[in-house]
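Asks: I'd like to ask some things about the structure below.
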Amino acid sequence: MKTIKNKYIFFLLRILKDILRPIQYKISNDLHSHQLSEYYFLFYEKQMENQKGGQRSIIFDKKGIPLNPTYIDVKDKKYVYFPITIGQVGLAIFHTYLKTKSENDKERFLKFVNWFHNNADKDSFLGVRWMTDVSLPQYNNPGPWQSAFSQSRGISILLRGYQLTDDKKYAEMSEQALIPFTKPVSEGGVTSFTKWGLFYEEYTAKVPTLVLNGMIFSLCGVYDFVRVFPKNKMAKKIFNDSIQTLKNILPKYDLGYWSRYNLCKADWYPEIDPATIGYQRLHITQLEMLYKLTNEEIFKEYPGKFKEQDNLRNAIRMYRIKYKALKKIGRL
């Protein structure tokens, strides 16, 4: 059983990991070509070996598909198929294949392509979705839940599978996976309609959760589709809308000394939920990637601000507030 004592230990271990072993990704040099090779951020299989979720590492089923350990506040399940992680591991294997060009690595990657193809939730109104069958206690969502981040991962994997095999079924499904971006969360889609514009949600709930890193990751798959099919109007509109929203909303994530993890305004949620050190640095890398992708000055300005904020004094201030935030949502 996950005890209160374990929760505090978990919090302390997360701080130590943040400080001593933060995960940082390199940005690909190729962000625009029609042929999809490296993903926007370089994922490596070795990074996946000890990836934590909750208090345990990911495990793999008989086909080599990862299962995520559930987070510390989930009581009814220990492991779950998590499309976001499955996509990331799949992309890491694709990066291995790009180096080796071996038939074995190609087949390992195609298992992930087929997982997304075979595990899609199909609907005449919503197109294709990849649901995560676990609760989200922090956002009062009992699950299963849809996610723009999951959609993005599925699209990125399927399109690479399409270009690798020339099998059109993968391209057709990736186009169907764009449809949830056009639907509100309340109707089963992944979009919150906010005063800043359309926001694509990593975590869907009755209220907008507005997780910054999830929004940025979500547009990577959409832009993959634009690169492969540049005449597709739906994909271009989804991508352009997301960039405009980020330009409008990005200043709201700046606390002056640190960045926010999200902008959730639910009455049960903390007023301020700051990013951890790992997410602060991820925000920096993501925004630097967006500047390379779009040449929009705001995506050059804010990484600079967030880098200046990244010091021990501000980190201590952040963790004091983070502690209170985790207490309010029941994770401590």
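Chain labels follow the order of the structure tokens: the first chain is A, the next B, and so on; residue numbering restarts at 1 in every chain, and ligands are counted from 1 in their shown order.
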Excluding A:Val222 and residues on its chain fewer than 5 positions from it, collect all residues at most 12 Å away from it, counting only C-alpha atoms, and give them as an mmCIF file with N, CA and C atoms, in the first residue's frame.
Replies:
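Below is the file around.cif, written as the result:
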```cif
data_model
loop_
_atom_site.group_PDB
_atom_site.id
_atom_site.type_symbol
_atom_site.label_atom_id
_atom_site.label_comp_id
_atom_site.auth_asym_id
_atom_site.auth_seq_id
_atom_site.Cartn_x
_atom_site.Cartn_y
_atom_site.Cartn_z
ATOM 1 N N ALA A 148 -4.304 15.276 -26.027
ATOM 2 C CA ALA A 148 -3.670 15.799 -27.241
ATOM 3 C C ALA A 148 -2.241 15.286 -27.362
ATOM 4 N N PHE A 149 -1.586 15.082 -26.236
ATOM 5 C CA PHE A 149 -0.228 14.552 -26.218
ATOM 6 C C PHE A 149 -0.218 13.128 -26.777
ATOM 7 N N SER A 150 -1.178 12.300 -26.358
ATOM 8 C CA SER A 150 -1.285 10.942 -26.895
ATOM 9 C C SER A 150 -1.554 10.974 -28.395
ATOM 10 N N GLN A 151 -2.443 11.882 -28.832
ATOM 11 C CA GLN A 151 -2.736 12.009 -30.260
ATOM 12 C C GLN A 151 -1.462 12.329 -31.033
ATOM 13 N N SER A 152 -0.688 13.253 -30.494
ATOM 14 C CA SER A 152 0.545 13.663 -31.151
ATOM 15 C C SER A 152 1.522 12.508 -31.278
ATOM 16 N N ARG A 153 1.684 11.739 -30.202
ATOM 17 C CA ARG A 153 2.597 10.600 -30.237
ATOM 18 C C ARG A 153 2.138 9.578 -31.286
ATOM 19 N N GLY A 154 0.833 9.298 -31.306
ATOM 20 C CA GLY A 154 0.313 8.343 -32.274
ATOM 21 C C GLY A 154 0.561 8.789 -33.700
ATOM 22 N N ILE A 155 0.338 10.064 -33.974
ATOM 23 C CA ILE A 155 0.547 10.591 -35.325
ATOM 24 C C ILE A 155 2.017 10.482 -35.728
ATOM 25 N N SER A 156 2.916 10.857 -34.822
ATOM 26 C CA SER A 156 4.351 10.808 -35.127
ATOM 27 C C SER A 156 4.822 9.388 -35.424
ATOM 28 N N ILE A 157 4.323 8.427 -34.649
ATOM 29 C CA ILE A 157 4.708 7.030 -34.859
ATOM 30 C C ILE A 157 4.112 6.502 -36.163
ATOM 31 N N LEU A 158 2.830 6.742 -36.385
ATOM 32 C CA LEU A 158 2.166 6.217 -37.578
ATOM 33 C C LEU A 158 2.763 6.778 -38.868
ATOM 34 N N LEU A 159 3.084 8.060 -38.876
ATOM 35 C CA LEU A 159 3.630 8.661 -40.087
ATOM 36 C C LEU A 159 5.022 8.117 -40.405
ATOM 37 N N SER A 174 -3.500 8.367 -39.194
ATOM 38 C CA SER A 174 -2.913 9.579 -38.615
ATOM 39 C C SER A 174 -3.756 10.806 -38.938
ATOM 40 N N GLU A 175 -4.387 10.830 -40.113
ATOM 41 C CA GLU A 175 -5.267 11.950 -40.445
ATOM 42 C C GLU A 175 -6.528 11.919 -39.572
ATOM 43 N N GLN A 176 -7.064 10.740 -39.329
ATOM 44 C CA GLN A 176 -8.217 10.611 -38.440
ATOM 45 C C GLN A 176 -7.879 11.052 -37.015
ATOM 46 N N ALA A 177 -6.610 10.911 -36.643
ATOM 47 C CA ALA A 177 -6.178 11.301 -35.301
ATOM 48 C C ALA A 177 -6.107 12.813 -35.124
ATOM 49 N N LEU A 178 -6.216 13.562 -36.223
ATOM 50 C CA LEU A 178 -6.267 15.021 -36.120
ATOM 51 C C LEU A 178 -7.643 15.519 -35.665
ATOM 52 N N ILE A 179 -8.666 14.741 -35.918
ATOM 53 C CA ILE A 179 -10.037 15.200 -35.672
ATOM 54 C C ILE A 179 -10.285 15.601 -34.215
ATOM 55 N N PRO A 180 -9.786 14.863 -33.204
ATOM 56 C CA PRO A 180 -10.022 15.286 -31.823
ATOM 57 C C PRO A 180 -9.499 16.691 -31.491
ATOM 58 N N PHE A 181 -8.511 17.176 -32.265
ATOM 59 C CA PHE A 181 -8.023 18.537 -32.056
ATOM 60 C C PHE A 181 -9.075 19.577 -32.441
ATOM 61 N N TYR A 200 -4.559 22.797 -26.629
ATOM 62 C CA TYR A 200 -4.637 21.339 -26.763
ATOM 63 C C TYR A 200 -4.134 20.690 -25.479
ATOM 64 N N MET A 215 1.044 20.875 -24.134
ATOM 65 C CA MET A 215 0.585 21.630 -25.301
ATOM 66 C C MET A 215 1.674 21.663 -26.377
ATOM 67 N N ILE A 216 2.911 21.910 -25.954
ATOM 68 C CA ILE A 216 3.990 22.009 -26.933
ATOM 69 C C ILE A 216 4.269 20.648 -27.572
ATOM 70 N N PHE A 217 4.302 19.594 -26.747
ATOM 71 C CA PHE A 217 4.494 18.259 -27.312
ATOM 72 C C PHE A 217 3.359 17.901 -28.272
ATOM 73 N N ARG A 227 4.325 18.400 -42.372
ATOM 74 C CA ARG A 227 5.536 18.138 -43.162
ATOM 75 C C ARG A 227 5.289 17.055 -44.217
ATOM 76 N N VAL A 228 4.573 16.007 -43.841
ATOM 77 C CA VAL A 228 4.336 14.903 -44.769
ATOM 78 C C VAL A 228 3.253 15.250 -45.780
ATOM 79 N N PHE A 229 2.233 15.977 -45.327
ATOM 80 C CA PHE A 229 1.107 16.348 -46.191
ATOM 81 C C PHE A 229 0.879 17.865 -46.116
ATOM 82 N N PRO A 230 1.750 18.664 -46.747
ATOM 83 C CA PRO A 230 1.707 20.125 -46.601
ATOM 84 C C PRO A 230 0.450 20.786 -47.152
ATOM 85 N N ASN A 232 -2.605 19.680 -46.513
ATOM 86 C CA ASN A 232 -3.733 19.358 -45.647
ATOM 87 C C ASN A 232 -4.131 20.589 -44.828
ATOM 88 N N LYS A 233 -5.305 21.128 -45.095
ATOM 89 C CA LYS A 233 -5.739 22.375 -44.465
ATOM 90 C C LYS A 233 -6.030 22.203 -42.975
ATOM 91 N N MET A 234 -6.591 21.051 -42.587
ATOM 92 C CA MET A 234 -6.923 20.831 -41.184
ATOM 93 C C MET A 234 -5.668 20.832 -40.325
ATOM 94 N N ALA A 235 -4.657 20.134 -40.751
ATOM 95 C CA ALA A 235 -3.421 20.058 -39.975
ATOM 96 C C ALA A 235 -2.763 21.427 -39.858
ATOM 97 N N LYS A 236 -2.727 22.172 -40.959
ATOM 98 C CA LYS A 236 -2.103 23.498 -40.930
ATOM 99 C C LYS A 236 -2.851 24.443 -40.009
ATOM 100 N N LYS A 237 -4.184 24.352 -40.010
ATOM 101 C CA LYS A 237 -4.957 25.224 -39.131
ATOM 102 C C LYS A 237 -4.733 24.864 -37.652
ATOM 103 N N ILE A 238 -4.728 23.561 -37.347
ATOM 104 C CA ILE A 238 -4.501 23.131 -35.962
ATOM 105 C C ILE A 238 -3.148 23.633 -35.480
ATOM 106 N N PHE A 239 -2.128 23.487 -36.322
ATOM 107 C CA PHE A 239 -0.786 23.928 -35.937
ATOM 108 C C PHE A 239 -0.725 25.447 -35.773
ATOM 109 N N ASN A 240 -1.225 26.178 -36.741
ATOM 110 C CA ASN A 240 -1.165 27.645 -36.681
ATOM 111 C C ASN A 240 -1.940 28.185 -35.487
ATOM 112 N N ASP A 241 -3.092 27.576 -35.193
ATOM 113 C CA ASP A 241 -3.868 27.996 -34.017
ATOM 114 C C ASP A 241 -3.076 27.774 -32.738
ATOM 115 N N SER A 242 -2.351 26.668 -32.670
ATOM 116 C CA SER A 242 -1.595 26.370 -31.450
ATOM 117 C C SER A 242 -0.464 27.375 -31.246
ATOM 118 N N ILE A 243 0.197 27.754 -32.314
ATOM 119 C CA ILE A 243 1.281 28.732 -32.204
ATOM 120 C C ILE A 243 0.735 30.081 -31.745
#
```
Asks: Can you pull out every residue from stretch 48-258 of chain A that DSSP, working from the backbone, puts in strand (DSSP E), and format the result as a PyMOL selection string?
Replies: chain A and resi 52-53+56-57+59-60+66-69+79-80+121-123+127-129+191-194+197-200
Asks: What separation in Å, quoted to one decimal, exists between atom CA of A:Leu13 and atom CA of A:Ile316?
Replies: 15.0 Å
Asks: Give me the residues near A:Thr194 as a VMD selection string, where near means some atom within 12 Å (using only C-alpha atoms) and where sequence neighbours in that chain fewer than 6 positions away do not count.
Replies: chain A and resid 184 to 185 200 to 201 207 to 210 241 to 242 245 to 246 248 to 249 263 to 264
Asks: How many Å lie between atom CA of A:Asp61 and atom CA of A:Tyr81, rounded to one decimal?
Replies: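 Atom-to-atom, atom CA of A:Asp61 to atom CA of A:Tyr81, that is 9.8 Å.
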Asks: Give me the residues within 10 Å of A:Asn140 as a PyMOL selection string, counting only C-alpha atoms and dropping any in the same chain fewer than 6 places off.
Replies: chain A and resi 204-207+266+268-269+329
Asks: Any chance you can output those residues with C-alpha atoms as a PDB file, in the first residue's frame?
Replies:
```pdb
ATOM      1  CA  THR A 204      -8.493  16.438 -20.059  1.00  0.00           C
ATOM      2  CA  ALA A 205     -10.937  17.348 -17.288  1.00  0.00           C
ATOM      3  CA  LYS A 206     -14.178  19.245 -16.663  1.00  0.00           C
ATOM      4  CA  VAL A 207     -12.129  22.434 -16.466  1.00  0.00           C
ATOM      5  CA  ALA A 266     -10.316  24.563 -10.666  1.00  0.00           C
ATOM      6  CA  TRP A 268      -9.871  22.058  -5.857  1.00  0.00           C
ATOM      7  CA  TYR A 269      -6.529  22.800  -7.518  1.00  0.00           C
ATOM      8  CA  ILE A 329      -4.154  17.735  -4.515  1.00  0.00           C
TER       9      ILE A 329
END
```
Asks: Which one of A:Asp167, A:Glu271, A:Asp310, A:Glu296 sits closest to A:Asn114 if you count only C-alpha atoms?
Replies: A:Asp167
Asks: Could you give me, as an MDAnalysis selection string, each residue of stretch 133-237 of chain A that DSSP assigns to alpha helix (DSSP H) when run on this structure's backbone?
Replies: chainID A and resid 148:165 168:176 212:228 233:237
Asks: Hey, which of A:Thr132, A:Gln244, A:Gln35, A:Thr96 ends up closest to A:Lys195? Count only C-alpha atoms.
Replies: A:Gln244
Asks: Between A:Lys78, A:Arg313, A:Lys300, A:Arg160, which has the minimum distance to A:Lys106 (counting only C-alpha atoms)?
Replies: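 Smallest distance to A:Lys106 is found for A:Arg160.
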Asks: Could you pull the residues within 7 Å of A:Gln309, counting only C-alpha atoms, minus those fewer than 4 positions along the same chain, as a PyMOL selection string?
Replies: chain A and resi 257-258+305+314
Asks: Could you check the closest approach to A:Ile27 for each of A:Asn311, A:Gln286, A:Thr294, A:Thr165 and tell me which residue wins, using only C-alpha atoms?
Replies: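 Of the candidates, the smallest distance to A:Ile27 is held by A:Gln286.
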